[in-house]
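K.L.:
First, the structure itself, so that you have it in front of you.
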Amino acid sequence: MTVTAADQKIAARARPHRRSFLRGVTTLFRRAPFSAFWGVVVVLIIAMAVAAPIVEPYPPLKADFRAMGKPPSEKHWFGTDQVGRDTLSRVIHGSRYSLVVAIGAVLFGTTLGALWGLACGYFGGRFDMVSQRIIEFLQSFPDLILAMAIAMALGGGIGTVIVAIAITRIPFGGRVIRSVVLSLKEMQYVEAARGLGASHLRLMFRHILPQCVAPYMILATTHLGVAIVIEASLGFLGVGIPPPTPTWGNMLSDALNAGLVPPWWLVLFPGLAITITVLAVNLLGDGIRDLLDPRLRGSV
Amino acid sequence: MYSYIARRMAFGAITVVGVSIMVFVIMRILPGDPLVAIFGPEGFTKLTEEQRAGYMRELGLSDPLWVQYFAWVKSIAAGDWGHSFFRSESVADMILRRGPLTAEIAILSVVLSWIVGIPVALISALKPNTLGDSVARFISILFIAVPGFWVGMLIVLGLLFWFGYRAPLAGASLFADPLANFQLVIGPAVVLGLGQAAYIARMGRSSLLEVIREDYVRTARAKGLNNRLVIAMHALPNALLPVITLSGVLLGLVLAGSIPVERAFGTPGLGFAMFTAVSERDVFVMQNLVFLYATVFVMINIGVDVAIALLDPRIRYR
């Protein structure tokens, strides 16, 4: 697969961006209030995940045999499942796994890919050629299928799910950062540093890497949403974090196993949680991307 | 042109070989002990030492890895796709029986995605930053965020609840029973098609906006052509090139996406077989199906590249 137009666009921007975090946030609110609103939603979801044991009205794993398969009521806002576990508590608790897996996988996968791309772009030659072939092989699998195969081979657990999703993220980081580095490498300031006798490592990490931060951020935020959906799909297909852990994917899978006609509240709420989270993350990502690179507005 | 196709095919062949090695590494080397994967940790401890050795020999797992790899490639090339541990039907028969259903879903969803996505892209791009554009963009972002399998579950529930309708559960071929076949295929195709339409609308919009600014479009306007013709005859054909590429990539994603969606609808296609293989930890069936999906994905990519080369002389003569 060749470098796409979007990659080139991300690669084309390679100007320094030094902005304090706080100033970034205020700029986001001023320039893109819509994205900033969804940023607030993301913060709320993270807060909910962190405070899950305090916020959830019931323990997520506690079965209540007096309230089995009850529709939403005042006592159980989102109803209960077939063994009487409170759906609201499970949805709240599920946000923890969703976020940990998605953030872990993106950090791990994109970072690994970015470093690989840095090495490929910087050294070029035979190393680059072989690496590009391997990345091409990795990209010949649809994401979900590769993640399914790896998660199945490694066996269930939160760590394996993170690794499985992370591996599917490596090619993206590799390709984008490589093309950024290819254009950076020829810049005069790098030439100057090389002329002063800087080592390869110093050139790579001190001079080139800082310029890759903005495209890296753009990549990471765009892939967070994808990672959340893959995690939910893995759970739904039974190769995610094993039950009874209340991940959103597991809950949807349980609903389907509950009987021929799954109760609507068991289907509606976990899916709504996935949708809102992915939507918020994607829209915040769009805002961050517009902020870091106005030229990319509306594309990718 | 022919040399381009030949080169692309050669690269494709190398990729398929690489993919086969990767599938083999993932499915055979990673799991540690395949017997644990087959029998489960509890079943594994119940086996005696001789039984373990017997099974390993029977499955060809005690050979060196490269012998196993070549044996696997040879059997696949000969059309022997192995047997499931849990069913009598051979994997090859299962693919032939279930594959067409998934292929129909994939193709129908691509057609739907174009029918929905391109008009939305046109509406957005011709009047950018208006209310219609904003609404269209938000809806497409929403459809990218919604997991398809969840929408599928909601549709199944809704149809059952309000109309008491449920799609037939048994497989039906397109030619033997078109009506039952259509009922099986339409649900997953709509769900997957709308998901792709969102991407197509986004890509189509930005690509059209770029093309409309080009000199030749201005020239066409300047010579007095009416706006509709300028868009339809001059701008759209060029703007669609990246959309075709994207559509190819999306077709691959649909193959994967159809696995959870088919589970949600209970469609007896290949995706459902994949789900069954995964939930039964059926390593060998999984290995062959993953290889099949990846190979199909590679072939789709070659097809798209060749199509783009046919449509775009700039690539052909490079």
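Just so we're on the same page: first chain in the structure tokens is A, next is B, and so on; residues restart at 1 for each chain, and ligands are numbered from 1 in the order they show up.
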If you count only C-alpha atoms, which residues fall within 9 Å of Leu208 in chain B, apart from same-chain ones fewer than 5 positions away, as number ranges by chain?

P.N.:
B: 121-122, 125-126, 203, 213, 235-236, 238-240

K.L.:
Produce a table with one row for each residue of chain B that has an atom at most 7 Å from any atom of chain A, each row naming the nearest atom pair and its distance in Å at one decimal; use only C-alpha atoms; arrange rows by chain and rising residue number; format as a tab-separated table.

P.N.:
```
residue	atom	partner	partner_atom	distance
B:Thr15	CA	A:Phe137	CA	5.9
B:Gly18	CA	A:Phe137	CA	5.9
B:Val19	CA	A:Phe137	CA	5.5
B:Ile26	CA	A:Ile150	CA	6.2
B:Met27	CA	A:Ala153	CA	5.8
B:Leu30	CA	A:Ala153	CA	5.9
B:Pro31	CA	A:Ala153	CA	4.7
B:Leu142	CA	A:Leu279	CA	6.4
B:Ala145	CA	A:Leu279	CA	5.2
B:Val146	CA	A:Thr275	CA	4.9
B:Pro147	CA	A:Val229	CA	6.5
B:Trp150	CA	A:Gly271	CA	5.9
B:Met203	CA	A:Ser299	CA	6.9
B:Ser206	CA	A:Ser299	CA	5.8
B:Gly252	CA	A:Pro142	CA	6.1
B:Leu253	CA	A:Pro142	CA	5.6
B:Ala256	CA	A:Leu144	CA	5.9
B:Pro260	CA	A:Leu237	CA	6.5
B:Phe275	CA	A:Leu237	CA	6.2
B:Val278	CA	A:Met152	CA	6.9
B:Ser279	CA	A:Gly238	CA	6.0
B:Val290	CA	A:Ile145	CA	6.8
B:Ala294	CA	A:Phe141	CA	4.9
B:Phe297	CA	A:Ser140	CA	6.4
B:Val298	CA	A:Ser140	CA	5.9
```

K.L.:
With only C-alpha atoms as the basis for distance, which of A:Ile165, A:Ala198, A:Leu44, A:Leu260 is at the shortest distance from Arg166 in chain B?

P.N.:
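That would be A:Leu260, the residue with the smallest distance to Arg166 in chain B.
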
K.L.:
Looking at only C-alpha atoms, which of A:Gln132, A:Thr247, A:Thr26, A:Asn257 is the one that sits closest to Ile92 in chain A?

P.N.:
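Using only C-alpha atoms, the shortest distance to Ile92 in chain A belongs to A:Thr247.
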
K.L.:
Quick one: residues within 12 Å of His207 in chain A, only C-alpha atoms, excluding same-chain residues fewer than 6 positions away - as a ChimeraX atom specification?

P.N.:
/A:16,118,122,181,184-185,187-194,198-201,213

K.L.:
Distance CA of Arg281 in chain B-CA of Gln68 in chain B, one decimal place?

P.N.:
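Straight-line distance from CA of Arg281 in chain B to CA of Gln68 in chain B works out to 19.8 Å.
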
K.L.:
CA of Val161 in chain A and CA of Ile241 in chain A, how far apart in Å?

P.N.:
6.9 Å

K.L.:
Please provide the set of residues having any atom within 9 Å of Val185 in chain B, restricted to only C-alpha atoms, with same-chain residues fewer than 2 positions apart removed, written as a ChimeraX atom specification.

P.N.:
/B:101-102,104-105,108,180-183,187-190,267

K.L.:
How many Å lie between CA of Glu231 in chain A and CA of Val135 in chain B, rounded to one decimal?

P.N.:
28.8 Å

K.L.:
Taking only range 80-277 of chain A into account, list the residues labelled alpha helix (DSSP H) by DSSP (computed from the backbone), as a ChimeraX atom specification.

P.N.:
/A:87-123,125-139,143-154,158-185,188-195,200-202,213-237,248-257,264-277
